[in-house]
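Source file coords35.txt; content: compact mmCIF, C-alpha atoms (C1' of nucleotides).
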```txt
# COMPACT_ATOMS: atom_id res chain seq x y z
CA MET Q 233 72.19 119.49 121.26
CA SER Q 234 74.10 120.16 118.10
CA GLU Q 235 72.19 123.36 117.49
CA ARG Q 236 72.11 125.70 114.55
CA ASP Q 237 75.57 127.20 114.26
CA PRO Q 238 76.89 129.42 111.54
CA THR Q 239 77.03 127.10 108.59
CA LEU Q 240 78.40 129.60 106.23
CA MET Q 241 77.02 132.69 107.79
CA SER Q 242 78.55 134.44 110.72
CA GLY Q 243 76.69 134.88 113.89
CA VAL Q 244 79.44 137.34 114.63
CA PRO Q 245 77.39 139.38 117.10
CA GLU Q 246 76.71 136.36 119.25
CA LEU Q 247 80.35 135.30 119.21
CA VAL Q 248 81.64 138.74 120.00
CA LEU Q 249 79.15 139.37 122.78
CA LEU Q 250 79.96 136.12 124.48
CA ARG Q 251 83.64 136.73 124.17
CA LEU Q 252 83.51 140.20 125.66
CA LEU Q 253 81.43 139.00 128.56
CA ALA Q 254 83.67 136.02 129.18
CA HIS Q 255 86.21 138.35 130.77
CA ARG Q 256 84.03 140.35 133.01
CA GLU Q 257 80.56 141.57 133.65
CA MET Q 258 79.50 144.44 131.44
CA TYR Q 259 76.37 146.39 130.67
CA GLY Q 260 74.94 146.97 127.22
CA TYR Q 261 76.08 150.45 126.51
CA GLU Q 262 79.56 149.60 127.73
CA ILE Q 263 79.69 146.59 125.44
CA ALA Q 264 78.93 148.70 122.40
CA ARG Q 265 81.65 151.19 123.29
CA THR Q 266 84.22 148.55 124.16
CA LEU Q 267 83.60 146.58 120.99
CA LYS Q 268 84.24 149.63 118.89
CA VAL Q 269 87.44 150.47 120.71
CA VAL Q 270 88.94 147.00 120.96
CA SER Q 271 88.16 146.12 117.36
CA GLN Q 272 89.63 149.46 116.34
CA ASP Q 273 86.40 150.52 114.70
CA ALA Q 274 86.21 147.43 112.54
CA LEU Q 275 83.16 146.21 114.40
CA THR Q 276 80.26 148.18 115.69
CA ILE Q 277 77.00 146.91 117.03
CA GLY Q 278 73.86 149.00 116.82
CA GLU Q 279 71.41 149.06 119.65
CA GLY Q 280 68.82 147.42 117.45
CA VAL Q 281 71.10 144.40 117.34
CA LEU Q 282 72.68 144.62 120.75
CA TYR Q 283 69.71 144.60 123.09
CA PRO Q 284 67.61 141.99 121.32
CA ALA Q 285 70.73 139.80 121.13
CA LEU Q 286 71.42 140.14 124.84
CA HIS Q 287 67.83 139.27 125.69
CA ALA Q 288 67.88 136.27 123.40
CA LEU Q 289 71.15 135.06 124.86
CA GLU Q 290 69.76 135.36 128.34
CA ALA Q 291 66.55 133.58 127.38
CA ARG Q 292 68.67 130.73 126.05
CA GLY Q 293 70.51 130.50 129.33
CA LEU Q 294 73.88 131.65 128.03
CA LEU Q 295 73.89 134.89 129.97
CA ARG Q 296 72.75 135.96 133.39
CA SER Q 297 71.89 139.54 134.28
CA ARG Q 298 71.56 141.80 137.27
CA THR Q 299 70.32 145.36 137.43
CA GLN Q 300 72.13 148.15 139.17
CA GLN Q 301 71.37 151.83 139.67
CA VAL Q 302 74.29 154.14 139.03
CA ASP Q 303 73.81 157.89 139.32
CA GLY Q 304 70.10 157.55 138.78
CA ARG Q 305 70.57 155.50 135.63
CA THR Q 306 69.78 151.86 135.30
CA ARG Q 307 72.47 149.51 134.09
CA VAL Q 308 71.87 145.90 133.24
CA TYR Q 309 75.02 143.90 133.79
CA TYR Q 310 75.49 140.59 131.99
CA GLN Q 311 77.83 137.72 132.57
CA LEU Q 312 78.31 134.27 131.10
CA THR Q 313 76.76 131.16 132.55
CA PRO Q 314 78.63 127.85 132.28
CA ARG Q 315 76.54 127.07 129.23
CA GLY Q 316 77.58 130.40 127.81
CA HIS Q 317 81.21 129.43 128.19
CA ARG Q 318 80.66 126.15 126.41
CA ARG Q 319 78.77 127.89 123.66
CA LEU Q 320 81.59 130.40 123.27
CA ALA Q 321 84.16 127.65 122.91
CA ARG Q 322 82.05 126.04 120.23
CA LEU Q 323 81.40 129.25 118.32
CA THR Q 324 85.08 130.17 118.45
CA MET Q 325 86.01 126.86 116.87
CA ASN Q 326 83.41 127.36 114.16
CA TRP Q 327 84.58 130.86 113.50
CA ARG Q 328 88.20 129.84 113.10
CA ARG Q 329 87.28 126.99 110.85
CA MET Q 330 85.11 129.20 108.69
CA SER Q 331 87.52 132.09 108.45
CA GLU Q 332 90.40 129.79 107.63
CA GLY Q 333 88.24 128.33 104.90
CA VAL Q 334 87.61 131.77 103.50
CA GLU Q 335 91.31 132.61 103.68
CA ARG Q 336 92.10 129.51 101.70
CA ILE Q 337 89.72 130.62 99.01
CA LEU Q 338 91.01 134.15 99.01
CA GLY Q 339 94.62 133.10 99.10
CA ALA Q 340 94.73 130.41 96.47
CA THR Q 341 95.76 131.49 93.03
CA THR Q 342 94.88 128.35 91.17
CA TYR Q 343 92.32 125.71 91.65
CA GLU Q 344 91.95 122.62 89.70
CA MET V 376 77.69 153.78 95.02
CA SER V 377 78.80 153.05 98.55
CA GLU V 378 76.22 150.30 98.91
CA ARG V 379 75.21 148.37 101.93
CA ASP V 380 78.05 145.95 102.56
CA PRO V 381 78.39 143.52 105.39
CA THR V 382 78.29 145.77 108.39
CA LEU V 383 78.85 143.08 110.86
CA MET V 384 77.43 140.20 108.95
CA SER V 385 79.31 138.25 106.40
CA GLY V 386 78.06 137.91 102.91
CA VAL V 387 80.53 135.07 102.75
CA PRO V 388 78.79 133.29 99.89
CA GLU V 389 78.96 136.33 97.67
CA LEU V 390 82.61 136.88 98.47
CA VAL V 391 83.56 133.30 97.90
CA LEU V 392 81.62 132.99 94.68
CA LEU V 393 83.19 136.08 93.20
CA ARG V 394 86.64 134.98 94.27
CA LEU V 395 86.33 131.52 92.74
CA LEU V 396 85.07 132.95 89.47
CA ALA V 397 87.78 135.60 89.37
CA HIS V 398 90.25 132.94 88.29
CA ARG V 399 88.34 131.22 85.62
CA GLU V 400 84.93 130.47 84.27
CA MET V 401 83.07 127.80 86.18
CA TYR V 402 79.61 126.31 86.27
CA GLY V 403 77.43 125.95 89.35
CA TYR V 404 77.94 122.35 90.22
CA GLU V 405 81.66 122.73 89.75
CA ILE V 406 81.74 125.72 92.06
CA ALA V 407 80.09 123.77 94.85
CA ARG V 408 82.58 120.92 94.49
CA THR V 409 85.60 123.18 94.22
CA LEU V 410 84.62 125.25 97.21
CA LYS V 411 84.40 122.17 99.36
CA VAL V 412 87.76 120.88 98.21
CA VAL V 413 89.73 124.12 98.33
CA SER V 414 88.37 125.14 101.71
CA GLN V 415 89.12 121.64 102.97
CA ASP V 416 85.51 121.04 103.89
CA ALA V 417 85.31 124.18 106.01
CA LEU V 418 82.90 125.77 103.59
CA THR V 419 80.07 124.17 101.71
CA ILE V 420 77.36 125.85 99.75
CA GLY V 421 74.01 124.20 99.28
CA GLU V 422 72.19 124.43 95.98
CA GLY V 423 69.45 126.42 97.63
CA VAL V 424 72.04 129.11 98.27
CA LEU V 425 74.25 128.66 95.25
CA TYR V 426 71.85 129.05 92.35
CA PRO V 427 69.81 131.93 93.71
CA ALA V 428 73.07 133.70 94.57
CA LEU V 429 74.45 133.22 91.07
CA HIS V 430 71.26 134.56 89.52
CA ALA V 431 71.23 137.55 91.82
CA LEU V 432 74.87 138.29 91.07
CA GLU V 433 74.19 138.15 87.37
CA ALA V 434 71.13 140.35 87.70
CA ARG V 435 73.29 142.89 89.50
CA GLY V 436 75.76 142.85 86.65
CA LEU V 437 78.61 141.27 88.59
CA LEU V 438 78.59 138.03 86.63
CA ARG V 439 78.04 137.08 83.03
CA SER V 440 76.92 133.63 81.93
CA ARG V 441 76.91 131.40 78.92
CA THR V 442 75.26 128.04 78.43
CA GLN V 443 76.99 125.01 77.05
CA GLN V 444 75.88 121.46 76.33
CA VAL V 445 78.26 118.79 77.54
CA ASP V 446 77.35 115.12 77.15
CA GLY V 447 73.70 115.94 76.89
CA ARG V 448 73.77 118.00 80.07
CA THR V 449 73.42 121.72 80.29
CA ARG V 450 76.08 123.69 82.06
CA VAL V 451 75.82 127.36 82.84
CA TYR V 452 79.27 128.91 82.98
CA TYR V 453 79.80 132.12 84.89
CA GLN V 454 82.57 134.67 84.84
CA LEU V 455 83.19 138.05 86.43
CA THR V 456 82.39 141.32 84.76
CA PRO V 457 84.59 144.35 85.43
CA ARG V 458 82.06 145.45 88.02
CA GLY V 459 82.33 142.01 89.56
CA HIS V 460 86.07 142.48 89.94
CA ARG V 461 85.61 145.82 91.64
CA ARG V 462 82.98 144.39 93.92
CA LEU V 463 85.30 141.52 94.82
CA ALA V 464 88.09 143.92 95.75
CA ARG V 465 85.73 145.83 97.97
CA LEU V 466 84.28 142.76 99.64
CA THR V 467 87.73 141.35 100.25
CA MET V 468 88.77 144.52 102.04
CA ASN V 469 85.62 144.41 104.15
CA TRP V 470 86.15 140.79 104.98
CA ARG V 471 89.72 141.34 106.14
CA ARG V 472 88.73 144.30 108.19
CA MET V 473 85.88 142.45 109.80
CA SER V 474 87.79 139.25 110.50
CA GLU V 475 90.73 141.16 111.94
CA GLY V 476 88.26 142.92 114.18
CA VAL V 477 86.91 139.61 115.36
CA GLU V 478 90.42 138.29 115.94
CA ARG V 479 91.20 141.29 118.08
CA ILE V 480 88.18 140.55 120.21
CA LEU V 481 88.96 136.87 120.42
CA GLY V 482 92.62 137.41 121.11
CA ALA V 483 92.56 140.12 123.73
CA THR V 484 92.71 138.98 127.31
CA THR V 485 91.91 142.25 128.97
CA TYR V 486 89.88 145.22 127.98
CA GLU V 487 89.61 148.41 129.84
C1' DT D 354 66.82 175.91 128.05
C1' DC D 355 68.84 173.10 124.94
C1' DT D 356 71.80 169.72 123.73
C1' DC D 357 74.71 165.86 124.44
C1' DA D 358 76.05 161.60 126.52
C1' DT D 359 74.34 157.88 129.04
C1' DA D 360 71.25 153.97 129.30
C1' DC D 361 67.59 151.21 128.28
C1' DC D 362 63.96 149.40 125.02
C1' DT D 363 60.86 147.66 120.70
C1' DC D 364 58.84 147.48 116.24
C1' DG D 365 58.83 146.56 111.38
C1' DT D 366 61.38 145.67 107.32
C1' DT D 367 64.50 143.36 104.58
C1' DT D 368 67.88 140.19 103.40
C1' DG D 369 69.59 135.98 102.88
C1' DG D 370 70.71 131.34 104.27
C1' DC D 371 68.73 126.93 103.98
C1' DG D 372 66.04 122.65 103.51
C1' DA D 373 63.10 120.32 100.70
C1' DG D 374 61.45 119.49 96.66
C1' DG D 375 61.38 119.04 91.50
C1' DT D 376 63.25 117.92 86.51
C1' DA D 377 66.34 115.49 83.46
C1' DT D 378 70.38 112.82 81.61
C1' DA D 379 74.33 109.41 81.73
C1' DG D 380 76.58 105.69 83.70
C1' DT D 381 77.03 101.55 86.64
C1' DC D 382 75.70 97.39 89.02
C1' DG D 383 72.95 93.50 89.55
C1' DC B 1341 65.74 95.67 82.45
C1' DG B 1342 65.42 98.27 86.79
C1' DA B 1343 67.55 100.68 90.53
C1' DC B 1344 70.63 103.74 92.03
C1' DT B 1345 74.16 107.29 91.91
C1' DA B 1346 76.32 111.30 90.03
C1' DT B 1347 75.75 115.17 87.29
C1' DA B 1348 73.35 119.46 86.44
C1' DC B 1349 69.95 122.73 86.70
C1' DC B 1350 66.02 125.02 89.16
C1' DT B 1351 62.27 127.17 92.72
C1' DC B 1352 59.44 127.75 96.77
C1' DG B 1353 58.68 128.95 101.37
C1' DC B 1354 60.33 129.30 106.01
C1' DC B 1355 62.88 131.46 109.52
C1' DA B 1356 66.37 133.88 111.78
C1' DA B 1357 69.14 137.68 112.04
C1' DA B 1358 70.74 142.29 111.16
C1' DC B 1359 69.32 146.86 111.09
C1' DG B 1360 67.30 151.52 111.10
C1' DA B 1361 64.24 154.30 113.22
C1' DG B 1362 61.90 155.44 116.81
C1' DG B 1363 60.79 155.88 121.81
C1' DT B 1364 61.70 156.85 127.12
C1' DA B 1365 64.40 158.87 130.79
C1' DT B 1366 68.34 160.92 133.52
C1' DG B 1367 72.46 163.94 134.45
C1' DA B 1368 75.80 167.37 133.09
C1' DG B 1369 77.29 171.34 130.96
C1' DA B 1370 76.82 175.48 127.87
```
Reformat the file's structure so that it appears as structure tokens.
Amino acid sequence: MSERDPTLMSGVPELVLLRLLAHREMYGYEIARTLKVVSQDALTIGEGVLYPALHALEARGLLRSRTQQVDGRTRVYYQLTPRGHRRLARLTMNWRRMSEGVERILGATTYE
Amino acid sequence: MSERDPTLMSGVPELVLLRLLAHREMYGYEIARTLKVVSQDALTIGEGVLYPALHALEARGLLRSRTQQVDGRTRVYYQLTPRGHRRLARLTMNWRRMSEGVERILGATTYE
DNA sequence: TCTCATACCTCGTTTGGCGAGGTATAGTCG
DNA sequence: CGACTATACCTCGCCAAACGAGGTATGAGA
């Protein structure tokens, strides 16, 4: 394994998507709304990012989906696979590491 | 103004570069080394990222450079312009906002 | 009827991170 | 002397990812 991973760059959408879906099954539109609310507007994900990301995650075997009709509208519900959970754990570690690194740079007043 | 800015994505290299150079003048190679040390290996910046980024920042008027010969080697020292300082302040705000958003997502155990 | 919210989708562009490569000098070890 | 490492700069080309803009369709309410 030892795949790509955010070296410096984020991959925030992937992280956030996996994390939201780790709790419970959700469908795309719901994810976008929830993200906005929970992050208190700090994060928003456009549909041009959201749907391609979900498809890619599913294609990689990190998500599983099922389709359900509700009030004549189609919802595609996603949930994490075991691989998705492992991936999430890994990405979370990387995120913490990276953001702590950035904080160290931002916080320091002198370097030598 | 009101330029693009990292919507979801990072722009970590730009932020970090500006922050390091806000303290004191540094040259490229030194930046790469310092970043690694100060971030305790959490962040590294390859030369294929570093130099193009520095040039782009200078072209945008956020950095100013001067060249100096030291022991027969050429060093290009960079420092922030006033615009660079303003940009740094802005990016720092965005970073905090974004990373707090991510933390809220990571930290929450239930959403409704 | 029109608009808004819901719910999905894709296409094309741009940006930017990154590896790999290239040049040159100074110092160290054998 | 020759090889190698560290210093110091640079560019090219690839690829992935974020994003805006556009498209389809339904249900509810004004």
The coordinates of chain Q, once least-squares superposed on chain V over all sequentially paired C-alpha atoms, should be supplied as a PDB file with C-alpha atoms, in the coordinates of the input.
```pdb
ATOM      1  CA  MET Q 233      77.309 153.668  95.017  1.00  0.00           C
ATOM      2  CA  SER Q 234      78.422 152.788  98.491  1.00  0.00           C
ATOM      3  CA  GLU Q 235      76.008 149.889  98.653  1.00  0.00           C
ATOM      4  CA  ARG Q 236      75.008 147.625 101.481  1.00  0.00           C
ATOM      5  CA  ASP Q 237      78.096 145.670 102.452  1.00  0.00           C
ATOM      6  CA  PRO Q 238      78.515 143.329 105.353  1.00  0.00           C
ATOM      7  CA  THR Q 239      78.366 145.651 108.302  1.00  0.00           C
ATOM      8  CA  LEU Q 240      78.868 143.021 110.857  1.00  0.00           C
ATOM      9  CA  MET Q 241      77.426 140.127 109.005  1.00  0.00           C
ATOM     10  CA  SER Q 242      79.268 138.142 106.425  1.00  0.00           C
ATOM     11  CA  GLY Q 243      78.054 137.915 102.936  1.00  0.00           C
ATOM     12  CA  VAL Q 244      80.533 135.091 102.740  1.00  0.00           C
ATOM     13  CA  PRO Q 245      78.772 133.315  99.875  1.00  0.00           C
ATOM     14  CA  GLU Q 246      78.966 136.368  97.673  1.00  0.00           C
ATOM     15  CA  LEU Q 247      82.631 136.920  98.472  1.00  0.00           C
ATOM     16  CA  VAL Q 248      83.572 133.325  97.915  1.00  0.00           C
ATOM     17  CA  LEU Q 249      81.640 133.002  94.676  1.00  0.00           C
ATOM     18  CA  LEU Q 250      83.219 136.085  93.223  1.00  0.00           C
ATOM     19  CA  ARG Q 251      86.638 134.981  94.270  1.00  0.00           C
ATOM     20  CA  LEU Q 252      86.342 131.540  92.737  1.00  0.00           C
ATOM     21  CA  LEU Q 253      85.083 132.972  89.490  1.00  0.00           C
ATOM     22  CA  ALA Q 254      87.790 135.607  89.383  1.00  0.00           C
ATOM     23  CA  HIS Q 255      90.257 132.928  88.314  1.00  0.00           C
ATOM     24  CA  ARG Q 256      88.328 131.214  85.647  1.00  0.00           C
ATOM     25  CA  GLU Q 257      84.929 130.471  84.294  1.00  0.00           C
ATOM     26  CA  MET Q 258      83.056 127.806  86.200  1.00  0.00           C
ATOM     27  CA  TYR Q 259      79.597 126.315  86.287  1.00  0.00           C
ATOM     28  CA  GLY Q 260      77.426 125.986  89.363  1.00  0.00           C
ATOM     29  CA  TYR Q 261      77.909 122.394  90.242  1.00  0.00           C
ATOM     30  CA  GLU Q 262      81.648 122.741  89.772  1.00  0.00           C
ATOM     31  CA  ILE Q 263      81.718 125.738  92.082  1.00  0.00           C
ATOM     32  CA  ALA Q 264      80.071 123.796  94.872  1.00  0.00           C
ATOM     33  CA  ARG Q 265      82.548 120.944  94.523  1.00  0.00           C
ATOM     34  CA  THR Q 266      85.578 123.194  94.234  1.00  0.00           C
ATOM     35  CA  LEU Q 267      84.599 125.277  97.237  1.00  0.00           C
ATOM     36  CA  LYS Q 268      84.372 122.198  99.381  1.00  0.00           C
ATOM     37  CA  VAL Q 269      87.730 120.902  98.242  1.00  0.00           C
ATOM     38  CA  VAL Q 270      89.711 124.129  98.353  1.00  0.00           C
ATOM     39  CA  SER Q 271      88.339 125.160 101.729  1.00  0.00           C
ATOM     40  CA  GLN Q 272      89.098 121.665 102.982  1.00  0.00           C
ATOM     41  CA  ASP Q 273      85.486 121.082 103.911  1.00  0.00           C
ATOM     42  CA  ALA Q 274      85.284 124.200 106.030  1.00  0.00           C
ATOM     43  CA  LEU Q 275      82.875 125.799 103.602  1.00  0.00           C
ATOM     44  CA  THR Q 276      80.059 124.226 101.719  1.00  0.00           C
ATOM     45  CA  ILE Q 277      77.347 125.912  99.758  1.00  0.00           C
ATOM     46  CA  GLY Q 278      73.974 124.275  99.292  1.00  0.00           C
ATOM     47  CA  GLU Q 279      72.170 124.510  96.020  1.00  0.00           C
ATOM     48  CA  GLY Q 280      69.435 126.521  97.667  1.00  0.00           C
ATOM     49  CA  VAL Q 281      72.036 129.202  98.283  1.00  0.00           C
ATOM     50  CA  LEU Q 282      74.235 128.718  95.266  1.00  0.00           C
ATOM     51  CA  TYR Q 283      71.838 129.110  92.368  1.00  0.00           C
ATOM     52  CA  PRO Q 284      69.798 132.009  93.707  1.00  0.00           C
ATOM     53  CA  ALA Q 285      73.083 133.753  94.562  1.00  0.00           C
ATOM     54  CA  LEU Q 286      74.464 133.268  91.067  1.00  0.00           C
ATOM     55  CA  HIS Q 287      71.278 134.609  89.513  1.00  0.00           C
ATOM     56  CA  ALA Q 288      71.269 137.607  91.807  1.00  0.00           C
ATOM     57  CA  LEU Q 289      74.903 138.336  91.063  1.00  0.00           C
ATOM     58  CA  GLU Q 290      74.226 138.179  87.369  1.00  0.00           C
ATOM     59  CA  ALA Q 291      71.163 140.396  87.677  1.00  0.00           C
ATOM     60  CA  ARG Q 292      73.336 142.948  89.452  1.00  0.00           C
ATOM     61  CA  GLY Q 293      75.822 142.876  86.621  1.00  0.00           C
ATOM     62  CA  LEU Q 294      78.665 141.294  88.567  1.00  0.00           C
ATOM     63  CA  LEU Q 295      78.627 138.055  86.625  1.00  0.00           C
ATOM     64  CA  ARG Q 296      78.075 137.102  83.029  1.00  0.00           C
ATOM     65  CA  SER Q 297      76.933 133.661  81.932  1.00  0.00           C
ATOM     66  CA  ARG Q 298      76.915 131.424  78.907  1.00  0.00           C
ATOM     67  CA  THR Q 299      75.257 128.066  78.447  1.00  0.00           C
ATOM     68  CA  GLN Q 300      76.985 125.029  77.075  1.00  0.00           C
ATOM     69  CA  GLN Q 301      75.846 121.481  76.379  1.00  0.00           C
ATOM     70  CA  VAL Q 302      78.229 118.802  77.571  1.00  0.00           C
ATOM     71  CA  ASP Q 303      77.309 115.150  77.136  1.00  0.00           C
ATOM     72  CA  GLY Q 304      73.649 116.003  76.910  1.00  0.00           C
ATOM     73  CA  ARG Q 305      73.742 118.014  80.118  1.00  0.00           C
ATOM     74  CA  THR Q 306      73.407 121.733  80.330  1.00  0.00           C
ATOM     75  CA  ARG Q 307      76.089 123.709  82.098  1.00  0.00           C
ATOM     76  CA  VAL Q 308      75.829 127.379  82.857  1.00  0.00           C
ATOM     77  CA  TYR Q 309      79.268 128.921  82.991  1.00  0.00           C
ATOM     78  CA  TYR Q 310      79.810 132.161  84.895  1.00  0.00           C
ATOM     79  CA  GLN Q 311      82.590 134.675  84.847  1.00  0.00           C
ATOM     80  CA  LEU Q 312      83.227 138.047  86.432  1.00  0.00           C
ATOM     81  CA  THR Q 313      82.448 141.319  84.739  1.00  0.00           C
ATOM     82  CA  PRO Q 314      84.659 144.345  85.432  1.00  0.00           C
ATOM     83  CA  ARG Q 315      82.116 145.448  88.000  1.00  0.00           C
ATOM     84  CA  GLY Q 316      82.377 142.028  89.556  1.00  0.00           C
ATOM     85  CA  HIS Q 317      86.106 142.486  89.941  1.00  0.00           C
ATOM     86  CA  ARG Q 318      85.659 145.836  91.616  1.00  0.00           C
ATOM     87  CA  ARG Q 319      83.026 144.411  93.897  1.00  0.00           C
ATOM     88  CA  LEU Q 320      85.335 141.545  94.820  1.00  0.00           C
ATOM     89  CA  ALA Q 321      88.129 143.921  95.737  1.00  0.00           C
ATOM     90  CA  ARG Q 322      85.757 145.844  97.951  1.00  0.00           C
ATOM     91  CA  LEU Q 323      84.296 142.781  99.642  1.00  0.00           C
ATOM     92  CA  THR Q 324      87.764 141.364 100.255  1.00  0.00           C
ATOM     93  CA  MET Q 325      88.795 144.538 102.038  1.00  0.00           C
ATOM     94  CA  ASN Q 326      85.653 144.438 104.151  1.00  0.00           C
ATOM     95  CA  TRP Q 327      86.172 140.821 104.988  1.00  0.00           C
ATOM     96  CA  ARG Q 328      89.739 141.341 106.134  1.00  0.00           C
ATOM     97  CA  ARG Q 329      88.777 144.323 108.188  1.00  0.00           C
ATOM     98  CA  MET Q 330      85.929 142.462 109.827  1.00  0.00           C
ATOM     99  CA  SER Q 331      87.820 139.273 110.515  1.00  0.00           C
ATOM    100  CA  GLU Q 332      90.759 141.169 111.939  1.00  0.00           C
ATOM    101  CA  GLY Q 333      88.307 142.950 114.189  1.00  0.00           C
ATOM    102  CA  VAL Q 334      86.939 139.650 115.383  1.00  0.00           C
ATOM    103  CA  GLU Q 335      90.446 138.308 115.952  1.00  0.00           C
ATOM    104  CA  ARG Q 336      91.232 141.299 118.094  1.00  0.00           C
ATOM    105  CA  ILE Q 337      88.223 140.565 120.225  1.00  0.00           C
ATOM    106  CA  LEU Q 338      88.989 136.892 120.439  1.00  0.00           C
ATOM    107  CA  GLY Q 339      92.651 137.436 121.104  1.00  0.00           C
ATOM    108  CA  ALA Q 340      92.588 140.123 123.739  1.00  0.00           C
ATOM    109  CA  THR Q 341      92.735 138.962 127.301  1.00  0.00           C
ATOM    110  CA  THR Q 342      91.932 142.220 128.985  1.00  0.00           C
ATOM    111  CA  TYR Q 343      89.911 145.179 128.029  1.00  0.00           C
ATOM    112  CA  GLU Q 344      89.577 148.318 129.905  1.00  0.00           C
TER     113      GLU Q 344
END
```
Please list as an mmCIF file with C-alpha atoms (C1' of nucleotides), keeping the file's coordinate frame every residue within 12 Å of Glu389 in chain V, counting all atoms listed in the file and excluding residues in the same chain fewer than 2 positions away.
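Written file, selection.cif:
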```cif
data_model
loop_
_atom_site.group_PDB
_atom_site.id
_atom_site.type_symbol
_atom_site.label_atom_id
_atom_site.label_comp_id
_atom_site.auth_asym_id
_atom_site.auth_seq_id
_atom_site.Cartn_x
_atom_site.Cartn_y
_atom_site.Cartn_z
ATOM 1 C CA LEU Q 240 78.400 129.600 106.230
ATOM 2 C CA MET Q 241 77.020 132.690 107.790
ATOM 3 C CA VAL Q 334 87.610 131.770 103.500
ATOM 4 C CA ASP V 380 78.050 145.950 102.560
ATOM 5 C CA PRO V 381 78.390 143.520 105.390
ATOM 6 C CA SER V 385 79.310 138.250 106.400
ATOM 7 C CA GLY V 386 78.060 137.910 102.910
ATOM 8 C CA VAL V 387 80.530 135.070 102.750
ATOM 9 C CA VAL V 391 83.560 133.300 97.900
ATOM 10 C CA LEU V 392 81.620 132.990 94.680
ATOM 11 C CA LEU V 393 83.190 136.080 93.200
ATOM 12 C CA ARG V 394 86.640 134.980 94.270
ATOM 13 C CA LEU V 395 86.330 131.520 92.740
ATOM 14 C CA LEU V 396 85.070 132.950 89.470
ATOM 15 C CA ILE V 420 77.360 125.850 99.750
ATOM 16 C CA VAL V 424 72.040 129.110 98.270
ATOM 17 C CA LEU V 425 74.250 128.660 95.250
ATOM 18 C CA TYR V 426 71.850 129.050 92.350
ATOM 19 C CA PRO V 427 69.810 131.930 93.710
ATOM 20 C CA ALA V 428 73.070 133.700 94.570
ATOM 21 C CA LEU V 429 74.450 133.220 91.070
ATOM 22 C CA HIS V 430 71.260 134.560 89.520
ATOM 23 C CA ALA V 431 71.230 137.550 91.820
ATOM 24 C CA LEU V 432 74.870 138.290 91.070
ATOM 25 C CA GLU V 433 74.190 138.150 87.370
ATOM 26 C CA ARG V 435 73.290 142.890 89.500
ATOM 27 C CA LEU V 437 78.610 141.270 88.590
ATOM 28 C CA LEU V 438 78.590 138.030 86.630
ATOM 29 C CA GLY V 459 82.330 142.010 89.560
ATOM 30 C CA ARG V 462 82.980 144.390 93.920
ATOM 31 C CA LEU V 463 85.300 141.520 94.820
ATOM 32 C CA ARG V 465 85.730 145.830 97.970
ATOM 33 C CA LEU V 466 84.280 142.760 99.640
ATOM 34 C CA THR V 467 87.730 141.350 100.250
ATOM 35 C CA TRP V 470 86.150 140.790 104.980
ATOM 36 C "C1'" DG D 369 69.590 135.980 102.880
ATOM 37 C "C1'" DG D 370 70.710 131.340 104.270
#
```
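Between CA of Leu390 in chain V and CA of Glu279 in chain Q the interatomic distance comes to 26.9 Å.
Proximity to chain B was assessed for V:Ile406, V:Val412, V:Val451, V:Met401 counting all atoms listed in the file; the smallest distance is recorded for V:Val451.
Take the candidates B:DC1341, B:DA1357, B:DA1348, B:DA1368 and check each one against chain Q using only C-alpha atoms (C1' of nucleotides); the shortest distance goes to B:DA1357.
For chain V, the residues no farther than 6 Å from chain Q when using all atoms listed in the file are Ser385, Ser414, Ala417, Arg472, Met473, Gly476 and Arg479 of chain V.
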Up to 10 Å from chain V, what residues of chain B turn up? Count all atoms listed in the file and give them as a PDB file with C-alpha atoms (C1' of nucleotides), in the coordinates of the input.
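Saved to iface-v1.pdb:
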```
ATOM      1  C1'  DT B1347      75.750 115.170  87.290  1.00  0.00           C
ATOM      2  C1'  DA B1348      73.350 119.460  86.440  1.00  0.00           C
ATOM      3  C1'  DC B1349      69.950 122.730  86.700  1.00  0.00           C
ATOM      4  C1'  DC B1350      66.020 125.020  89.160  1.00  0.00           C
ATOM      5  C1'  DT B1351      62.270 127.170  92.720  1.00  0.00           C
ATOM      6  C1'  DA B1357      69.140 137.680 112.040  1.00  0.00           C
ATOM      7  C1'  DA B1358      70.740 142.290 111.160  1.00  0.00           C
ATOM      8  C1'  DC B1359      69.320 146.860 111.090  1.00  0.00           C
TER       9       DC B1359
END
```
